[in-house]
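Trainee: Input: one structure, supplied below.
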Amino acid sequence: MALLQISEPGQSAAPHQHNLAAGIDLGTTNSLVASVRSGIAETLPDIEGHHLLPSIVYYSKNDIPVIGHAAKPFANINPLNTIASVKRFMGRGLKDVKTTGTRLPYDFVENEGQGMPMIRTVAGNKSPVQISADILTALKKRAEDTLGGELTGAVITVPAYFDDAQRQATKDAATLTGLKVLRLLNEPTAAAVAYGLDKGAEGIHAIYDLGGGTFDISILRLHHGVFEVMATAGDSALGGDDIDRVIAQWIMQQANIADDAEHHHIRELLDIARTAKETLTLQNIAPLDIQLDDAIKWQSELTREQLNELVDPLIQKTITPCRRAFRDAGLTVNDISEVVMVGGTTRMPRVREKVGEFFKRSPHVDIDPDKVVAIGAAIQADILAGNKPDDDMLLLDVIPLSLGIETMGGLVEKIVPRNTTIPVARAQEFTTFKDGQTAMSIHIVQGERELVLDCRSLARFELQGIPPMVAGAARIHVTYQVDADGLLSVVAKEETTGVHSEIIVKPSYGLQDNDIERMLKDSLEHAQEDVVARTLREQQVEADRVINALRAAVKADGHALLKHHEFLEINNALNELLRIKQDTDIKAIKKSIEHLDEITQSYAQRRMDSAIHHAMKGHRVDDFTENT
């Protein structure tokens with residue numbers, strides 16, 4: 001059900017439909033929902049006045065999940081059935097999930113080969129997508145109860161560094177709730193929407209987003225309502241949760257608590273650590289009173305100075321992606337107009353202090369870091385729902401990792417380079433490698449390295465029905481299209497016949513932890529050796545092409561055009577090239593190819609003469625001149 005807006009005096013008397021839309025910040029620690037009401041974007045509270053919804057779900061035998069504040073008390077009582085921080089597991093495989101923290105208080109189901117991890121609960125095995133869907137259901141209900149009608153759609157925010165699998169998992173969760181996703185919006189971009197519109201800020205801005213489970217840094221250019229992401233970097237497994245773990249580990253060491261403590265003890269220690277961290281945001285000392293059972297009792301305190309020593313290494317880990325983002329954008333910190341802080345973890349004084357030191361200016365902290373992302377998403381949702389047809393605000397996000405295709409020799413041809421503005425469509429033409437080839441395997445990869453084995457495999461599909469031609473004659477047009485949500489579709493088409501095949505890339509959920517950051521770092525560290533490796537592979541592929549072409553030629557007419565000693569010489573040179581191409585000596589391979597080309601020059605000329613003679617046999621010269 002949609003609301004009707006009543007026109008004001010002096011305006012058009014005809015009422016128009018106002019579509020209900022929401023912006024949802026699906027966070028690691030807390031989630032929010034916001035909407036534009038009476039022209040103002042604001043977060044929506046529950047019936048008790050809470051704007052933040054803890055991203056916690058408790059499952060019981062009656063199969064009715066308890067979500068948010070009501071679920072928090074069960075975290076210590078029944079940790080195996082109370083799931084928190086599930087966002088960190090979205091789009092990840094079981095092996096990778098187990099590396100996201102020192103120890104996770106959940107019972108993961110061994111589900112090897114099935115991609116998405118499952119968590120065992122009394123209500124059945126639950127995937128991160130299903131758990132996130134339960135959180136989204138609560139937010140959807142809150143919005144519809146508050147707004148008094150059914151949502152037309154929602155903009156859901158994701159970390160800028162979420163890859164294709166993590167974005168698709170978020171969309172899948174929304175689909176389970178019946179939510180129409182108007183767009184997946186990068187969290188830093190959502191913050192820029194709220195901040196830029198409110199302040200009328202223009203220029204180049206850094207959005208430093210440190211939340212409960214993820215970190216993003218985005219460099220944005222704001223000009224006349226256009227929000228362009230120039231570069232983005234980050235860590236999809238670094239946030240406030242990690243700070244809580246560091247504090248909890250310190251407590252365990254000080255109190256002599258064993259590393260293999262019970263699940264509920266681990267959860268209780270994490271809660272105590274989180275409380276101490278929040279206390280030290282406003283005070284200099286946080287009291288600690290540990291009473292896990294009759295055998296474990298310990299009292300002490302944690303000072304802000306001690307906390308700073310514990311968290312400095314984690315804060316420093318956020319600075320490295322900042323430097324990479326500047327390098328990618330071709331900027332320095334002196335080019336930045338302002339720094340905007342986003343995410344609850346940026347409330348920590350030490351975070352603000354270290355960020356200020358790096359950027360050489362005090363960051364802006366006047367916007368509620370917990371709410372700004374949801375508010376920006378609500379503004380964008382209001383526009384996409386059609387409530388502001390004249391609004392010319394434009395959002396230009398970027399793709400975080402290059403998208404490419406595997407070519408012969410296991411090489412990667414990049415089709416969409418990283419930091420390309422999306423939505424985008426890019427295409428390249430490829431051809432067949434062998435004579436008579438009627439099918440082509442399309443292997444889609446993502447990453448910055450030159451070899452396929454160093455990149456991530458996203459999907460494979462086949463183009464069949466290619467007409468048999470000589471090698472290199474077919475024209476295969478491959479198009480990569482990335483939509484506004486950062487999701488990829490690929491189409492391959494053979495130009496002469498029009499046969500085509502396509503795939504929407506919905507990747508498996510077996511991804512590496514910190515994969516994007518690792519891949520970017522590797523691409524820089526191994527740049528020189530990658531160039532050498534690519535050159536070697538290209539020479540080896542060229543050697544294979546020469547060998548296959550020459551073998552096919554000799555088989556076709558060598559007996560008629562080659563003398564015995566010529567055949568032996570060519571055969572020896574072929575065998576020598578076969579041997580040398582297995583080595584890593586690029587110059588030797590190239591020299592061997594040149595030698596083979598040199599000794600087959602006269603044979604190639606004879607083949608040309610023979611082909612011309614065959615084509616002209618039975619014709620007059622006039623027959624050819626008349627057709628030209």
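How things are named: the first chain in the structure tokens is A, the next is B, and so on; residues count from 1 in each chain; ligands count from 1 in the order shown.
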To test your reading of the structure, identify every residue in segment 562-600 of chain A that backbone DSSP assigns to helix (DSSP H, G or I), and report it as an MDAnalysis selection string.
Mentor: chainID A and resid 564:580 586:599
Trainee: Per DSSP on the backbone, filter segment 166-270 of chain A down to the residues in strand (DSSP E) and report them as an MDAnalysis selection string.
Mentor: chainID A and resid 181:186 203:210 215:223 226:235
Trainee: What would the file look like if the residues just selected were written as a short mmCIF file (atom, residue, chain, number, x, y, z; two decimals), in the first residue's frame with N, CA and C atoms?
Mentor:
```
data_model
loop_
_atom_site.label_atom_id
_atom_site.label_comp_id
_atom_site.auth_asym_id
_atom_site.auth_seq_id
_atom_site.Cartn_x
_atom_site.Cartn_y
_atom_site.Cartn_z
N VAL A 181 15.40 -5.04 -4.00
CA VAL A 181 16.62 -4.26 -3.84
C VAL A 181 16.71 -3.25 -4.97
N LEU A 182 16.55 -1.99 -4.64
CA LEU A 182 16.67 -0.93 -5.64
C LEU A 182 18.12 -0.76 -6.06
N ARG A 183 19.01 -0.96 -5.10
CA ARG A 183 20.43 -0.88 -5.40
C ARG A 183 21.23 -1.32 -4.19
N LEU A 184 22.38 -1.95 -4.44
CA LEU A 184 23.39 -2.14 -3.41
C LEU A 184 24.31 -0.93 -3.49
N LEU A 185 24.46 -0.22 -2.38
CA LEU A 185 25.21 1.03 -2.37
C LEU A 185 26.40 0.90 -1.43
N ASN A 186 27.57 1.28 -1.92
CA ASN A 186 28.76 1.25 -1.06
C ASN A 186 28.57 2.15 0.15
N GLY A 203 34.65 19.22 -3.71
CA GLY A 203 36.07 18.95 -3.66
C GLY A 203 36.34 17.47 -3.51
N ILE A 204 37.55 17.13 -3.07
CA ILE A 204 37.94 15.74 -2.91
C ILE A 204 37.91 15.38 -1.43
N HIS A 205 37.21 14.31 -1.11
CA HIS A 205 36.99 13.93 0.28
C HIS A 205 37.41 12.48 0.52
N ALA A 206 37.91 12.22 1.71
CA ALA A 206 38.23 10.86 2.13
C ALA A 206 37.16 10.40 3.11
N ILE A 207 36.58 9.23 2.83
CA ILE A 207 35.58 8.64 3.72
C ILE A 207 36.24 7.47 4.43
N TYR A 208 36.52 7.66 5.71
CA TYR A 208 37.18 6.64 6.54
C TYR A 208 36.10 5.92 7.31
N ASP A 209 35.84 4.66 6.95
CA ASP A 209 34.71 3.91 7.49
C ASP A 209 35.21 2.68 8.24
N LEU A 210 35.21 2.78 9.55
CA LEU A 210 35.64 1.66 10.40
C LEU A 210 34.46 1.22 11.24
N PHE A 215 36.54 -2.52 7.27
CA PHE A 215 37.12 -1.19 7.11
C PHE A 215 37.14 -0.82 5.64
N ASP A 216 36.74 0.42 5.32
CA ASP A 216 36.80 0.94 3.96
C ASP A 216 37.39 2.33 3.98
N ILE A 217 38.19 2.63 2.98
CA ILE A 217 38.61 4.00 2.72
C ILE A 217 38.24 4.31 1.28
N SER A 218 37.53 5.38 1.06
CA SER A 218 37.14 5.77 -0.28
C SER A 218 37.53 7.22 -0.51
N ILE A 219 38.07 7.47 -1.69
CA ILE A 219 38.40 8.82 -2.11
C ILE A 219 37.33 9.26 -3.11
N LEU A 220 36.57 10.29 -2.76
CA LEU A 220 35.46 10.72 -3.60
C LEU A 220 35.64 12.17 -4.04
N ARG A 221 35.25 12.41 -5.28
CA ARG A 221 35.19 13.79 -5.78
C ARG A 221 33.71 14.20 -5.80
N LEU A 222 33.37 15.27 -5.09
CA LEU A 222 32.00 15.78 -5.04
C LEU A 222 31.94 17.08 -5.81
N HIS A 223 31.07 17.11 -6.82
CA HIS A 223 30.97 18.32 -7.64
C HIS A 223 29.59 18.39 -8.28
N VAL A 226 27.37 15.35 -8.24
CA VAL A 226 27.94 14.10 -8.76
C VAL A 226 28.94 13.56 -7.75
N PHE A 227 28.71 12.34 -7.28
CA PHE A 227 29.58 11.69 -6.31
C PHE A 227 30.39 10.64 -7.05
N GLU A 228 31.63 10.95 -7.34
CA GLU A 228 32.47 10.03 -8.09
C GLU A 228 33.50 9.40 -7.17
N VAL A 229 33.50 8.06 -7.12
CA VAL A 229 34.50 7.36 -6.33
C VAL A 229 35.77 7.25 -7.16
N MET A 230 36.82 7.91 -6.74
CA MET A 230 38.08 7.90 -7.48
C MET A 230 38.90 6.65 -7.19
N ALA A 231 38.83 6.18 -5.97
CA ALA A 231 39.56 4.98 -5.58
C ALA A 231 38.99 4.45 -4.28
N THR A 232 39.15 3.17 -4.06
CA THR A 232 38.68 2.57 -2.82
C THR A 232 39.64 1.47 -2.41
N ALA A 233 39.75 1.26 -1.12
CA ALA A 233 40.60 0.20 -0.58
C ALA A 233 40.04 -0.18 0.79
N GLY A 234 40.61 -1.19 1.40
CA GLY A 234 40.11 -1.55 2.72
C GLY A 234 40.43 -2.97 3.13
N ASP A 235 39.70 -3.43 4.12
CA ASP A 235 39.90 -4.77 4.68
C ASP A 235 38.53 -5.27 5.11
#
```
Trainee: Could you give me, as a list of chain:residue names, the residues within 9 Å of Thr332 of chain A, counting only C-alpha atoms and dropping anything in the same chain fewer than 5 positions from it?
Mentor: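 Listing them by chain and then by number gives A:Arg323, A:Phe326, A:Arg327.
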Trainee: When you draw a straight line from atom CA of Pro79 of chain A to atom CA of Ala374 of chain A, how long is it in Å?
Mentor: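 Computing it gives 28.7 Å between the two atoms.
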